[in-house]
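Asker: As input, take model-v4.tsv (TSV, C-alpha atoms and all ligand atoms):
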chain	number	residue	atom	x	y	z
A	14	MET	CA	45.99	77.42	55.07
A	15	ARG	CA	46.07	81.12	54.13
A	16	LEU	CA	42.99	83.12	55.11
A	17	ASP	CA	42.20	84.28	51.54
A	18	LYS	CA	42.29	80.70	50.22
A	19	PHE	CA	40.10	79.47	53.08
A	20	VAL	CA	37.52	82.22	52.54
A	21	ALA	CA	37.54	81.66	48.76
A	22	ASP	CA	37.03	77.89	49.17
A	23	ALA	CA	34.45	78.13	51.93
A	24	ALA	CA	32.37	80.93	50.39
A	25	GLN	CA	33.08	79.70	46.86
A	26	LEU	CA	34.43	83.08	45.81
A	27	THR	CA	37.34	83.94	43.56
A	28	ARG	CA	40.59	84.54	45.44
A	29	SER	CA	40.40	88.29	44.59
A	30	ALA	CA	36.79	88.55	45.81
A	31	ALA	CA	37.86	86.85	49.05
A	32	ARG	CA	40.71	89.34	49.43
A	33	GLY	CA	38.25	92.21	48.89
A	34	LEU	CA	36.04	90.86	51.69
A	35	ILE	CA	39.05	90.56	53.99
A	36	ALA	CA	40.34	94.05	53.14
A	37	LYS	CA	36.93	95.54	53.97
A	38	GLY	CA	37.14	94.10	57.49
A	39	ARG	CA	34.20	91.75	56.90
A	40	VAL	CA	36.13	88.65	57.96
A	41	THR	CA	36.92	87.66	61.54
A	42	VAL	CA	39.26	84.98	62.85
A	43	ASN	CA	38.33	83.75	66.33
A	44	GLY	CA	36.10	86.81	66.74
A	45	GLN	CA	38.75	89.42	65.74
A	46	VAL	CA	38.64	91.33	62.43
A	47	CYS	CA	41.57	90.19	60.30
A	48	ARG	CA	42.58	92.26	57.26
A	49	LYS	CA	45.64	90.18	56.35
A	50	ALA	CA	44.91	87.96	53.35
A	51	ASP	CA	48.03	85.89	54.04
A	52	CYS	CA	47.17	85.25	57.71
A	53	ALA	CA	48.01	81.57	58.39
A	54	LEU	CA	45.06	79.70	59.90
A	55	LYS	CA	45.58	77.02	62.52
A	56	GLU	CA	43.50	73.88	63.11
A	57	GLY	CA	40.34	74.83	65.01
A	58	ASP	CA	40.37	78.56	64.09
A	59	SER	CA	36.87	79.88	63.61
A	60	VAL	CA	36.42	82.14	60.57
A	61	CYS	CA	33.32	84.25	59.95
A	62	ALA	CA	32.31	86.52	57.07
A	63	ASP	CA	29.70	89.14	57.94
A	64	GLY	CA	29.22	87.37	61.24
A	65	LYS	CA	28.36	84.01	59.63
A	66	PRO	CA	30.67	81.05	60.21
A	67	LEU	CA	32.52	79.75	57.15
A	68	ALA	CA	33.18	76.07	56.73
A	69	CYS	CA	35.63	74.65	54.22
A	70	GLU	CA	33.87	71.31	54.07
A	71	GLU	CA	32.72	69.26	51.12
A	72	TYR	CA	29.13	69.61	52.32
A	73	VAL	CA	27.36	71.90	54.74
A	74	TYR	CA	24.72	70.96	57.34
A	75	ILE	CA	22.63	73.76	58.77
A	76	MET	CA	20.13	73.89	61.62
A	77	LEU	CA	17.43	76.50	60.92
A	78	ASN	CA	14.60	77.58	63.21
A	79	LYS	CA	11.93	78.00	60.53
A	80	PRO	CA	9.50	80.83	61.18
A	81	ALA	CA	5.82	80.55	60.21
A	82	GLY	CA	5.02	81.79	56.70
A	83	VAL	CA	8.21	80.43	55.10
A	84	VAL	CA	7.99	77.38	52.81
A	85	SER	CA	10.22	74.29	52.99
A	86	ALA	CA	11.64	74.46	49.46
A	87	SER	CA	14.74	75.68	47.66
A	88	THR	CA	12.88	78.14	45.43
A	89	ASP	CA	9.31	79.35	45.26
A	90	GLY	CA	7.71	81.86	42.90
A	91	ARG	CA	5.57	83.41	45.64
A	92	ASP	CA	6.76	82.74	49.18
A	93	LYS	CA	10.07	83.14	50.97
A	94	THR	CA	11.81	79.75	51.32
A	95	VAL	CA	14.00	78.20	53.99
A	96	VAL	CA	16.91	78.37	51.53
A	97	ASP	CA	16.28	82.12	50.99
A	98	LEU	CA	16.90	82.53	54.75
A	99	VAL	CA	20.44	81.10	54.59
A	100	GLY	CA	21.39	80.95	50.90
A	101	GLY	CA	23.10	84.36	50.84
A	102	ALA	CA	25.85	82.95	53.05
A	103	PHE	CA	26.49	80.04	50.63
A	104	PRO	CA	25.94	81.52	47.16
A	105	ARG	CA	27.56	78.65	45.25
A	106	ARG	CA	26.02	75.74	47.15
A	107	GLN	CA	22.86	73.94	46.05
A	108	LEU	CA	21.12	73.86	49.44
A	109	PHE	CA	17.80	72.10	50.01
A	110	PRO	CA	15.72	71.16	53.06
A	111	ALA	CA	16.10	67.52	54.16
A	112	GLY	CA	12.42	66.97	54.94
A	113	ARG	CA	9.54	69.37	55.02
A	114	LEU	CA	7.62	71.43	57.52
A	115	ASP	CA	4.28	73.00	56.55
A	116	LYS	CA	4.24	76.73	55.80
A	117	THR	CA	2.43	77.41	59.09
A	118	SER	CA	4.68	75.11	61.15
A	119	THR	CA	7.84	76.31	62.90
A	120	GLY	CA	11.06	74.81	64.20
A	121	PHE	CA	13.97	72.61	63.18
A	122	VAL	CA	14.65	72.34	59.46
A	123	LEU	CA	17.89	70.72	58.34
A	124	LEU	CA	19.42	72.29	55.23
A	125	THR	CA	22.25	70.66	53.35
A	126	ASP	CA	23.80	70.12	49.93
A	127	ASP	CA	24.59	66.48	50.77
A	128	GLY	CA	22.03	64.42	48.86
A	129	ALA	CA	23.27	61.06	50.17
A	130	PHE	CA	22.96	62.17	53.80
A	131	ALA	CA	19.46	63.56	53.23
A	132	HIS	CA	18.42	60.37	51.47
A	133	ASP	CA	19.78	58.30	54.36
A	134	ILE	CA	17.96	60.16	57.14
A	135	LEU	CA	14.69	60.37	55.17
A	136	ALA	CA	14.67	56.71	54.08
A	137	PRO	CA	11.50	55.07	55.46
A	138	LYS	CA	13.43	52.02	56.65
A	139	ARG	CA	15.71	54.17	58.83
A	140	HIS	CA	12.78	55.47	60.92
A	141	VAL	CA	14.76	58.54	62.03
A	142	PRO	CA	12.28	60.04	64.54
A	143	LYS	CA	11.11	63.63	64.44
A	144	THR	CA	9.74	65.27	67.57
A	145	TYR	CA	7.20	68.10	67.71
A	146	ARG	CA	5.61	70.35	70.29
A	147	VAL	CA	1.96	70.63	69.34
A	148	VAL	CA	-0.75	72.93	70.72
A	149	LEU	CA	-4.16	71.30	70.31
A	150	ASP	CA	-7.58	72.95	70.41
A	151	THR	CA	-8.69	70.33	72.96
A	152	PRO	CA	-6.98	68.46	75.82
A	153	LEU	CA	-5.01	65.27	75.19
A	154	THR	CA	-7.13	62.15	75.70
A	155	ASN	CA	-6.33	58.53	76.31
A	156	ALA	CA	-7.97	57.70	72.98
A	157	MET	CA	-5.33	59.85	71.27
A	158	ARG	CA	-2.50	58.08	73.11
A	159	VAL	CA	-3.88	54.63	72.27
A	160	GLY	CA	-4.71	55.61	68.68
A	161	PHE	CA	-1.22	56.98	68.01
A	162	ALA	CA	0.44	53.92	69.56
A	163	ALA	CA	-1.68	51.54	67.46
A	164	GLY	CA	-1.15	53.48	64.20
A	165	VAL	CA	-3.79	55.97	63.05
A	166	THR	CA	-5.78	55.14	59.91
A	167	LEU	CA	-6.20	58.35	57.91
A	168	ALA	CA	-9.39	59.39	56.12
A	169	ASP	CA	-7.92	58.08	52.81
A	170	GLY	CA	-7.56	54.56	54.32
A	171	GLN	CA	-3.78	54.74	54.83
A	172	THR	CA	-2.67	53.18	58.15
A	173	LEU	CA	0.34	54.95	59.62
A	174	ALA	CA	3.24	53.56	61.64
A	175	PRO	CA	2.85	53.74	65.42
A	176	ALA	CA	3.70	57.17	66.87
A	177	GLU	CA	3.89	58.61	70.36
A	178	VAL	CA	1.93	61.44	71.95
A	179	ALA	CA	2.47	62.57	75.54
A	180	PRO	CA	1.82	65.67	77.65
A	181	ALA	CA	4.51	68.34	77.20
A	182	GLY	CA	3.86	70.12	80.49
A	183	ALA	CA	1.03	71.23	82.74
A	184	ASP	CA	-1.26	72.49	79.94
A	185	PRO	CA	-3.32	69.47	78.76
A	186	CYS	CA	-3.59	70.99	75.27
A	187	VAL	CA	0.20	71.05	74.76
A	188	VAL	CA	1.66	67.71	73.72
A	189	ARG	CA	4.88	66.16	72.45
A	190	VAL	CA	4.54	64.00	69.35
A	191	THR	CA	7.19	61.68	67.94
A	192	LEU	CA	6.83	60.40	64.38
A	193	HIS	CA	8.84	57.68	62.65
A	194	GLN	CA	7.72	58.39	59.10
A	195	GLY	CA	6.94	61.47	57.00
A	196	VAL	CA	3.51	61.77	55.40
A	197	TYR	CA	2.07	65.04	54.06
A	198	HIS	CA	0.38	67.04	56.87
A	199	GLN	CA	0.79	63.93	59.02
A	200	ILE	CA	0.22	65.33	62.52
A	201	LYS	CA	-2.70	67.54	61.51
A	202	ARG	CA	-4.34	64.62	59.73
A	203	MET	CA	-3.70	62.20	62.63
A	204	PHE	CA	-5.31	64.53	65.16
A	205	GLY	CA	-8.09	65.31	62.66
A	206	VAL	CA	-9.09	61.63	62.63
A	207	LEU	CA	-9.23	61.82	66.45
A	208	ASP	CA	-11.44	64.97	66.38
A	209	ALA	CA	-8.74	67.39	67.49
A	210	GLY	CA	-7.41	70.46	65.71
A	211	VAL	CA	-3.79	71.64	65.68
A	212	ASN	CA	-3.29	75.30	66.61
A	213	GLN	CA	0.53	75.29	66.58
A	214	LEU	CA	3.16	72.83	65.46
A	215	HIS	CA	6.87	73.26	66.24
A	216	ARG	CA	9.56	70.67	65.38
A	217	THR	CA	11.92	70.34	68.33
A	218	ALA	CA	14.25	67.50	67.26
A	219	ILE	CA	15.43	65.37	64.34
A	220	GLY	CA	16.79	62.01	65.44
A	221	GLY	CA	18.79	62.58	68.61
A	222	LEU	CA	19.52	66.25	67.86
A	223	ALA	CA	17.36	68.93	69.53
A	224	LEU	CA	16.77	72.36	68.01
A	225	ASP	CA	19.14	74.87	69.61
A	226	GLU	CA	16.87	76.94	71.87
A	227	GLY	CA	19.15	79.93	71.33
A	228	LEU	CA	18.12	80.21	67.67
A	229	ALA	CA	15.42	82.86	67.23
A	230	PRO	CA	12.82	82.23	64.48
A	231	GLY	CA	14.63	82.64	61.14
A	232	ALA	CA	18.08	82.19	62.69
A	233	TRP	CA	20.43	79.36	61.76
A	234	ARG	CA	23.83	77.89	62.49
A	235	LEU	CA	26.08	75.16	61.16
A	236	ILE	CA	25.76	71.69	62.69
A	237	THR	CA	28.94	70.14	64.11
A	238	PRO	CA	30.07	66.66	63.01
A	239	GLU	CA	29.08	65.33	66.46
A	240	GLU	CA	25.58	66.80	66.05
A	241	LYS	CA	25.29	65.33	62.55
A	242	ALA	CA	26.05	61.91	64.05
A	243	LEU	CA	23.31	62.47	66.65
A	244	ILE	CA	20.75	62.89	63.85
A	245	GLN	CA	21.74	59.56	62.32
A	246	ALA	CA	22.04	57.84	65.71
A	247	GLY	CA	18.35	58.54	66.31
A	248	GLY	CA	17.29	56.08	63.60
A	249	GLU	CA	17.45	52.34	63.10
A	250	GLY	CA	19.42	50.18	60.71
B	1	LIG	N1	2.87	67.14	60.45
B	1	LIG	C1	2.14	68.17	59.99
B	1	LIG	O1	0.92	68.11	59.96
B	1	LIG	N2	2.79	69.28	59.60
B	1	LIG	C2	4.13	69.41	59.64
B	1	LIG	O2	4.66	70.47	59.27
B	1	LIG	C3	4.88	68.32	60.13
B	1	LIG	C4	4.23	67.19	60.54
Would you write the structure of this file as structure tokens?
Ligand code: URA
Answerer:
Amino acid sequence: MRLDKFVADAAQLTRSAARGLIAKGRVTVNGQVCRKADCALKEGDSVCADGKPLACEEYVYIMLNKPAGVVSASTDGRDKTVVDLVGGAFPRRQLFPAGRLDKTSTGFVLLTDDGAFAHDILAPKRHVPKTYRVVLDTPLTNAMRVGFAAGVTLADGQTLAPAEVAPAGADPCVVRVTLHQGVYHQIKRMFGVLDAGVNQLHRTAIGGLALDEGLAPGAWRLITPEEKALIQAGGEG
């Protein structure tokens, strides 16, 4: 495929806007600036515009390391959203976060425009696990381990599915939590019932896909098809 057609399709620009981008030296092919609109791309070539990878796929799947203070929404009248952090690179796509993280929480948020995929991985019956690194205001206790494994009953009477909590290193206040369902403020409420407060909450994995440690807070990258399959492989049924 010609470079200008690829850029136009991937960035959802007109062909002339794509040519303008190329002429300005804002497009690279395999890391080299390419100013030739008719450059013929080969299978596996990697094309970037302004340093961001372009994908000519039907849907996009993005791994974002959400910083604190940003809300998990597409638009918000007051706060910056996770889509604001990446949307400029995909101006014509209707991106949304597949699952939420609280405003104060950090870590892996999956952004996509593929509603069927999001629905699949969020479906309660799929139990796609989500893993978090949590800093508590008190050391992990056996009562917490047993309570999580049995299924915590929240203050409103709702009994949650069994979850796992385990030490995440030498510090007894730092734990790894794995959830198999998504309830509003779930981890904070679960520890609240067990008389512990959450000081920090960072999502480290969705299904079998871990957050890329190389992504600084606010940074993102596209997910490969193999990584997408790892997310789905983490669930049941
Ligand atoms: N549980 C919470 O309490 N907050 C999150 O952001 C995610 C899980």
Asker: Just want the residues within 9 Å of ligand LIG 1 (chain B), written as a JSON list (two decimals) with C-alpha atoms, in the frame of the given file, counting only C-alpha atoms and all ligand atoms.
Answerer:
[["chain", "number", "residue", "atom", "x", "y", "z"],
["A", 113, "ARG", "CA", 9.54, 69.37, 55.02],
["A", 114, "LEU", "CA", 7.62, 71.43, 57.52],
["A", 115, "ASP", "CA", 4.28, 73.00, 56.55],
["A", 116, "LYS", "CA", 4.24, 76.73, 55.80],
["A", 117, "THR", "CA", 2.43, 77.41, 59.09],
["A", 118, "SER", "CA", 4.68, 75.11, 61.15],
["A", 119, "THR", "CA", 7.84, 76.31, 62.90],
["A", 143, "LYS", "CA", 11.11, 63.63, 64.44],
["A", 145, "TYR", "CA", 7.20, 68.10, 67.71],
["A", 192, "LEU", "CA", 6.83, 60.40, 64.38],
["A", 195, "GLY", "CA", 6.94, 61.47, 57.00],
["A", 196, "VAL", "CA", 3.51, 61.77, 55.40],
["A", 197, "TYR", "CA", 2.07, 65.04, 54.06],
["A", 198, "HIS", "CA", 0.38, 67.04, 56.87],
["A", 199, "GLN", "CA", 0.79, 63.93, 59.02],
["A", 200, "ILE", "CA", 0.22, 65.33, 62.52],
["A", 201, "LYS", "CA", -2.70, 67.54, 61.51],
["A", 202, "ARG", "CA", -4.34, 64.62, 59.73],
["A", 203, "MET", "CA", -3.70, 62.20, 62.63],
["A", 204, "PHE", "CA", -5.31, 64.53, 65.16],
["A", 211, "VAL", "CA", -3.79, 71.64, 65.68],
["A", 214, "LEU", "CA", 3.16, 72.83, 65.46],
["A", 215, "HIS", "CA", 6.87, 73.26, 66.24],
["A", 216, "ARG", "CA", 9.56, 70.67, 65.38]]
Asker: Which of these, A:Val148, A:Gly64, A:Glu70, A:Ala23, has the shortest distance to Pro238 in chain A once you count all atoms listed in the file?
Answerer: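 Counting all atoms listed in the file, the residue closest to Pro238 in chain A is A:Glu70.
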Asker: Using all atoms listed in the file for the distances, tell me which of A:Gly101, A:Gly90, A:Gly82, A:Gly221 is nearest to Ala62 in chain A.
Answerer: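 Among A:Gly101, A:Gly90, A:Gly82, A:Gly221, it is A:Gly101 that comes nearest to Ala62 in chain A.
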Asker: Taking all atoms listed in the file into account, which of A:Gly57, A:Pro66, A:Gly170, A:Gly120 comes nearest Thr144 in chain A?
Answerer: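 Ranking A:Gly57, A:Pro66, A:Gly170, A:Gly120 by distance to Thr144 in chain A, first place goes to A:Gly120.
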Asker: Between A:Gly220, A:Phe19, A:Ala86, A:Ala179, which one has atoms that come closest to Cys61 in chain A, using only C-alpha atoms?
Answerer: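 Checking each candidate against Cys61 in chain A, we get A:Phe19 as the closest.
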Asker: Within 6 Å of Ala176 in chain A, counting all atoms listed in the file, which residues qualify if same-chain residues fewer than 6 places away don't, as a PyMOL selection string?
Answerer: chain A and resi 161-162+191-192
Asker: Please compute the CA of Pro80 in chain A-CA of Pro230 in chain A distance, one decimal, in Å.
Answerer: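 So the two atoms, CA of Pro80 in chain A and CA of Pro230 in chain A, lie 4.9 Å apart.
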Asker: So, with only C-alpha atoms as the atoms that count, which of A:Ala102, A:Ala68, A:Ala129, A:Val206 lies closest to Thr172 in chain A?
Answerer: A:Val206
